[in-house]
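*Asks:* There's a structure below that I have some questions on.
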Amino acid sequence: MHLITFLELRRPGPLFRAAVIAAQGVFFNAYFLAYLLSPRTCHAFIGFLEEEAVKTYTHALAEIDEGRLWKDEPAPQIAVQYWGLSKDATMRDLILAVRADEACHAHVNHTFSKMASNQTNPFAAGASQLP
């Protein structure tokens, strides 16, 4: 959903969209093969990617607050609907929501990276609460 939201902002042409689809296809297949070999390593890798995303969105918030990026720009409608943002939500509100998602994803993936394959999923419905 993050990708769809940010593509909505840019509205890229067919060449860029094709490049995104091709990159996703390559990554998906490489990740699939890597996951067959070492799921824990793959979860750790994704956890670190998500941590970097949190840092990137934190920097974006600083840029917004300094007035250098998306000054008072409204959030795309697709983001308002997906994240349940207020109708007058700004890009700052969107970035806060996306950053929270990324932080949650990092937590989940790092948790999975430390688990044995026979352990129960602590995030399954009714299994636990996030801190």
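The way I read the labels, and the way they are meant: chains A, B, ... in the order of the structure tokens, residue 1 as the first residue of every chain, and ligand 1 as the first ligand shown, with later ones counted on from there.
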Near Thr111 in chain A, counting only C-alpha atoms, which residues have an atom at most 9 Å away, once you skip same-chain residues fewer than 4 positions from it, shown as a JSON list (two decimals) with N, CA, C and O atoms, in the first residue's frame?

*Replies:*
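Final output, saved to result-v2.json:
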```json
[["chain", "number", "residue", "atom", "x", "y", "z"],
["A", 43, "HIS", "N", 14.04, -12.62, 7.30],
["A", 43, "HIS", "CA", 13.28, -11.75, 8.21],
["A", 43, "HIS", "C", 14.19, -10.69, 8.83],
["A", 43, "HIS", "O", 13.78, -9.53, 8.98],
["A", 44, "ALA", "N", 15.42, -11.06, 9.17],
["A", 44, "ALA", "CA", 16.36, -10.07, 9.71],
["A", 44, "ALA", "C", 16.64, -8.99, 8.67],
["A", 44, "ALA", "O", 16.64, -7.80, 8.98],
["A", 47, "GLY", "N", 13.73, -6.76, 8.41],
["A", 47, "GLY", "CA", 13.68, -5.93, 9.61],
["A", 47, "GLY", "C", 14.62, -4.74, 9.51],
["A", 47, "GLY", "O", 14.26, -3.62, 9.87],
["A", 106, "ALA", "N", 9.20, -3.70, 11.20],
["A", 106, "ALA", "CA", 10.56, -4.00, 11.67],
["A", 106, "ALA", "C", 10.49, -4.88, 12.91],
["A", 106, "ALA", "O", 11.22, -5.87, 13.03],
["A", 107, "HIS", "N", 9.62, -4.53, 13.84],
["A", 107, "HIS", "CA", 9.46, -5.31, 15.08],
["A", 107, "HIS", "C", 9.06, -6.75, 14.77],
["A", 107, "HIS", "O", 9.64, -7.70, 15.29],
["A", 115, "MET", "N", 13.18, -16.46, 15.92],
["A", 115, "MET", "CA", 12.36, -17.62, 16.30],
["A", 115, "MET", "C", 12.80, -18.88, 15.55],
["A", 115, "MET", "O", 13.20, -18.81, 14.39],
["A", 122, "PRO", "N", 3.85, -15.48, 17.56],
["A", 122, "PRO", "CA", 3.34, -14.67, 18.66],
["A", 122, "PRO", "C", 2.38, -13.57, 18.18],
["A", 122, "PRO", "O", 1.72, -12.93, 18.99]]
```

*Asks:* For Arg99 in chain A, list every protein, DNA or RNA residue within 12 Å, evaluated using only C-alpha atoms, and leave out those in the same chain fewer than 2 positions away; present the list as JSON, numbers by chain.

*Replies:* {"A": [2, 50, 51, 52, 53, 54, 55, 56, 57, 58, 59, 60, 61, 83, 91, 92, 93, 94, 95, 96, 97, 101, 102, 103, 104, 105, 106]}

*Asks:* Output N, CA, C and O atoms for every residue in the selection just made, as a compact mmCIF listing (two decimals), in the first residue's frame.

*Replies:*
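That gives us selection21.txt:
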```txt
# COMPACT_ATOMS: atom_id res chain seq x y z
N HIS A 2 2.04 1.15 0.63
CA HIS A 2 2.95 2.31 0.66
C HIS A 2 3.35 2.67 -0.78
O HIS A 2 3.30 3.85 -1.15
N GLU A 50 13.27 -2.22 7.06
CA GLU A 50 12.18 -1.45 7.68
C GLU A 50 12.74 -0.40 8.64
O GLU A 50 12.21 0.71 8.72
N GLU A 51 13.80 -0.73 9.36
CA GLU A 51 14.43 0.27 10.24
C GLU A 51 14.94 1.46 9.44
O GLU A 51 14.81 2.61 9.85
N GLU A 52 15.54 1.17 8.28
CA GLU A 52 16.02 2.26 7.42
C GLU A 52 14.86 3.08 6.90
O GLU A 52 14.98 4.30 6.76
N ALA A 53 13.74 2.43 6.61
CA ALA A 53 12.56 3.17 6.17
C ALA A 53 12.07 4.11 7.27
O ALA A 53 11.69 5.25 7.00
N VAL A 54 12.10 3.64 8.52
CA VAL A 54 11.70 4.50 9.64
C VAL A 54 12.60 5.73 9.69
O VAL A 54 12.12 6.86 9.87
N LYS A 55 13.90 5.54 9.52
CA LYS A 55 14.84 6.68 9.53
C LYS A 55 14.52 7.63 8.38
O LYS A 55 14.53 8.86 8.55
N THR A 56 14.26 7.07 7.21
CA THR A 56 13.96 7.90 6.04
C THR A 56 12.70 8.73 6.26
O THR A 56 12.68 9.93 5.97
N TYR A 57 11.66 8.11 6.79
CA TYR A 57 10.42 8.85 7.05
C TYR A 57 10.60 9.87 8.17
O TYR A 57 9.98 10.94 8.15
N THR A 58 11.48 9.58 9.12
CA THR A 58 11.78 10.56 10.17
C THR A 58 12.46 11.78 9.56
O THR A 58 12.14 12.92 9.90
N HIS A 59 13.38 11.54 8.63
CA HIS A 59 14.03 12.66 7.93
C HIS A 59 13.01 13.44 7.10
O HIS A 59 13.07 14.67 7.04
N ALA A 60 12.10 12.73 6.46
CA ALA A 60 11.06 13.40 5.68
C ALA A 60 10.20 14.29 6.58
O ALA A 60 9.84 15.41 6.18
N LEU A 61 9.88 13.81 7.79
CA LEU A 61 9.11 14.63 8.72
C LEU A 61 9.86 15.91 9.08
O LEU A 61 9.26 16.98 9.17
N TRP A 83 -5.57 4.33 5.59
CA TRP A 83 -5.11 4.51 6.97
C TRP A 83 -6.17 5.13 7.87
O TRP A 83 -5.92 5.33 9.05
N MET A 91 0.26 15.55 4.07
CA MET A 91 1.34 14.60 3.83
C MET A 91 2.07 14.26 5.12
O MET A 91 2.55 13.15 5.30
N ARG A 92 2.13 15.20 6.04
CA ARG A 92 2.77 14.93 7.33
C ARG A 92 2.01 13.83 8.07
O ARG A 92 2.61 12.92 8.63
N ASP A 93 0.70 13.90 8.05
CA ASP A 93 -0.12 12.86 8.68
C ASP A 93 0.12 11.50 8.02
O ASP A 93 0.22 10.47 8.69
N LEU A 94 0.22 11.51 6.70
CA LEU A 94 0.47 10.27 5.97
C LEU A 94 1.83 9.69 6.34
O LEU A 94 1.96 8.50 6.61
N ILE A 95 2.85 10.53 6.37
CA ILE A 95 4.21 10.06 6.68
C ILE A 95 4.24 9.48 8.10
O ILE A 95 4.90 8.47 8.35
N LEU A 96 3.53 10.09 9.03
CA LEU A 96 3.46 9.53 10.39
C LEU A 96 2.83 8.14 10.38
O LEU A 96 3.32 7.22 11.06
N ALA A 97 1.78 7.96 9.59
CA ALA A 97 1.11 6.65 9.52
C ALA A 97 2.00 5.60 8.87
O ALA A 97 2.11 4.47 9.35
N ASP A 101 3.72 2.13 10.45
CA ASP A 101 3.64 0.82 9.80
C ASP A 101 5.03 0.20 9.70
O ASP A 101 5.22 -0.98 10.01
N GLU A 102 5.99 0.98 9.24
CA GLU A 102 7.34 0.47 9.04
C GLU A 102 7.96 0.03 10.37
O GLU A 102 8.64 -1.00 10.43
N ALA A 103 7.71 0.79 11.43
CA ALA A 103 8.24 0.42 12.74
C ALA A 103 7.64 -0.90 13.21
O ALA A 103 8.34 -1.77 13.75
N CYS A 104 6.35 -1.08 12.98
CA CYS A 104 5.69 -2.33 13.33
C CYS A 104 6.25 -3.49 12.51
O CYS A 104 6.54 -4.56 13.04
N HIS A 105 6.44 -3.27 11.22
CA HIS A 105 6.99 -4.30 10.35
C HIS A 105 8.40 -4.69 10.80
O HIS A 105 8.76 -5.88 10.77
N ALA A 106 9.20 -3.70 11.20
CA ALA A 106 10.56 -4.00 11.67
C ALA A 106 10.49 -4.88 12.91
O ALA A 106 11.22 -5.87 13.03
```

*Asks:* Given only C-alpha atoms as the basis, pick out the residue of A:His110, A:Gln119, A:Thr5, A:Gly13 nearest to Tyr82 in chain A.

*Replies:*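 With only C-alpha atoms as the atom set, the closest residue is A:Thr5.
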
*Asks:* What's the 10 Å shell around Lys87 in chain A, counting only C-alpha atoms, without same-chain residues fewer than 5 positions away, as a PDB file with N, CA, C and O atoms, in the first residue's frame?

*Replies:*
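Okay, this is what ended up in part16.pdb:
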```
ATOM      1  N   PRO A  74      -2.070  18.129   0.782  1.00  0.00           N
ATOM      2  CA  PRO A  74      -2.999  17.122   1.299  1.00  0.00           C
ATOM      3  C   PRO A  74      -2.528  15.707   0.973  1.00  0.00           C
ATOM      4  O   PRO A  74      -1.875  15.465  -0.042  1.00  0.00           O
ATOM      5  N   ALA A  75      -2.884  14.782   1.832  1.00  0.00           N
ATOM      6  CA  ALA A  75      -2.577  13.373   1.602  1.00  0.00           C
ATOM      7  C   ALA A  75      -3.468  12.861   0.473  1.00  0.00           C
ATOM      8  O   ALA A  75      -4.615  13.295   0.332  1.00  0.00           O
ATOM      9  N   PRO A  76      -2.962  11.935  -0.341  1.00  0.00           N
ATOM     10  CA  PRO A  76      -3.801  11.373  -1.409  1.00  0.00           C
ATOM     11  C   PRO A  76      -5.027  10.665  -0.825  1.00  0.00           C
ATOM     12  O   PRO A  76      -4.973  10.086   0.260  1.00  0.00           O
ATOM     13  N   GLN A  77      -6.114  10.697  -1.558  1.00  0.00           N
ATOM     14  CA  GLN A  77      -7.364  10.104  -1.093  1.00  0.00           C
ATOM     15  C   GLN A  77      -7.217   8.619  -0.782  1.00  0.00           C
ATOM     16  O   GLN A  77      -7.788   8.114   0.182  1.00  0.00           O
ATOM     17  N   VAL A  80      -5.839   8.359   2.648  1.00  0.00           N
ATOM     18  CA  VAL A  80      -6.846   8.748   3.642  1.00  0.00           C
ATOM     19  C   VAL A  80      -7.777   7.570   3.914  1.00  0.00           C
ATOM     20  O   VAL A  80      -8.073   7.244   5.074  1.00  0.00           O
ATOM     21  N   GLN A  81      -8.207   6.902   2.860  1.00  0.00           N
ATOM     22  CA  GLN A  81      -9.105   5.760   3.015  1.00  0.00           C
ATOM     23  C   GLN A  81      -8.407   4.585   3.691  1.00  0.00           C
ATOM     24  O   GLN A  81      -8.948   3.982   4.615  1.00  0.00           O
TER      25      GLN A  81
END
```

*Asks:* Report as a ChimeraX atom specification: the residues of chain A with a DSSP assignment of alpha helix (DSSP H), based on the backbone of this structure.

*Replies:* /A:2-10,14-37,39-65,77-83,91-113

*Asks:* Hey, can you check how far CA of Phe112 in chain A sits from CA of Ile46 in chain A?

*Replies:*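 CA of Ile46 in chain A lies at a distance of 10.4 Å from CA of Phe112 in chain A.
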
*Asks:* Record the distance separating CA of Ala34 in chain A and CA of Thr120 in chain A, expressed in Å with one decimal.

*Replies:* 22.0 Å

*Asks:* Could you jot down the CA of Ile64 in chain A to CA of Ala89 in chain A separation for me, Å, one decimal place?

*Replies:*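 Computed distance, CA of Ile64 in chain A to CA of Ala89 in chain A, equals 13.8 Å.
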
*Asks:* Quick one: residues within 12 Å of Tyr35 in chain A, only C-alpha atoms, excluding same-chain residues fewer than 6 positions away - as a list of chain:residue names?

*Replies:*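 Listed by chain and then number, they are A:Phe27, A:Phe28, A:Asn29, A:Thr41, A:Cys42, A:His43, A:Ala44, A:Phe45, A:Ile46, A:Ser113.
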
*Asks:* Write a file of the selected residues as a short mmCIF file (atom, residue, chain, number, x, y, z; two decimals), in the first residue's frame, keeping N, CA and C atoms.

*Replies:*
```
data_model
loop_
_atom_site.label_atom_id
_atom_site.label_comp_id
_atom_site.auth_asym_id
_atom_site.auth_seq_id
_atom_site.Cartn_x
_atom_site.Cartn_y
_atom_site.Cartn_z
N PHE A 27 13.02 -9.07 -7.31
CA PHE A 27 13.17 -9.16 -5.86
C PHE A 27 12.34 -10.31 -5.31
N PHE A 28 11.11 -10.44 -5.76
CA PHE A 28 10.24 -11.51 -5.26
C PHE A 28 10.87 -12.88 -5.45
N ASN A 29 11.36 -13.11 -6.65
CA ASN A 29 11.94 -14.43 -6.93
C ASN A 29 13.24 -14.66 -6.16
N THR A 41 17.19 -15.39 8.24
CA THR A 41 18.04 -14.36 7.65
C THR A 41 17.20 -13.38 6.83
N CYS A 42 16.24 -13.91 6.10
CA CYS A 42 15.37 -13.05 5.31
C CYS A 42 14.55 -12.11 6.18
N HIS A 43 14.04 -12.62 7.30
CA HIS A 43 13.28 -11.75 8.21
C HIS A 43 14.19 -10.69 8.83
N ALA A 44 15.42 -11.06 9.17
CA ALA A 44 16.36 -10.07 9.71
C ALA A 44 16.64 -8.99 8.67
N PHE A 45 16.87 -9.41 7.42
CA PHE A 45 17.13 -8.46 6.34
C PHE A 45 15.97 -7.48 6.18
N ILE A 46 14.77 -8.00 6.14
CA ILE A 46 13.60 -7.12 5.99
C ILE A 46 13.45 -6.22 7.22
N SER A 113 12.88 -13.28 12.99
CA SER A 113 14.27 -13.65 12.69
C SER A 113 14.93 -14.37 13.87
#
```

*Asks:* Which one of A:Ala79, A:Val20, A:Ala116, A:Leu36 sits closest to Phe6 in chain A if you count only C-alpha atoms?

*Replies:*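 Looking only at the distances to Phe6 in chain A, the closest residue turns out to be A:Ala79.
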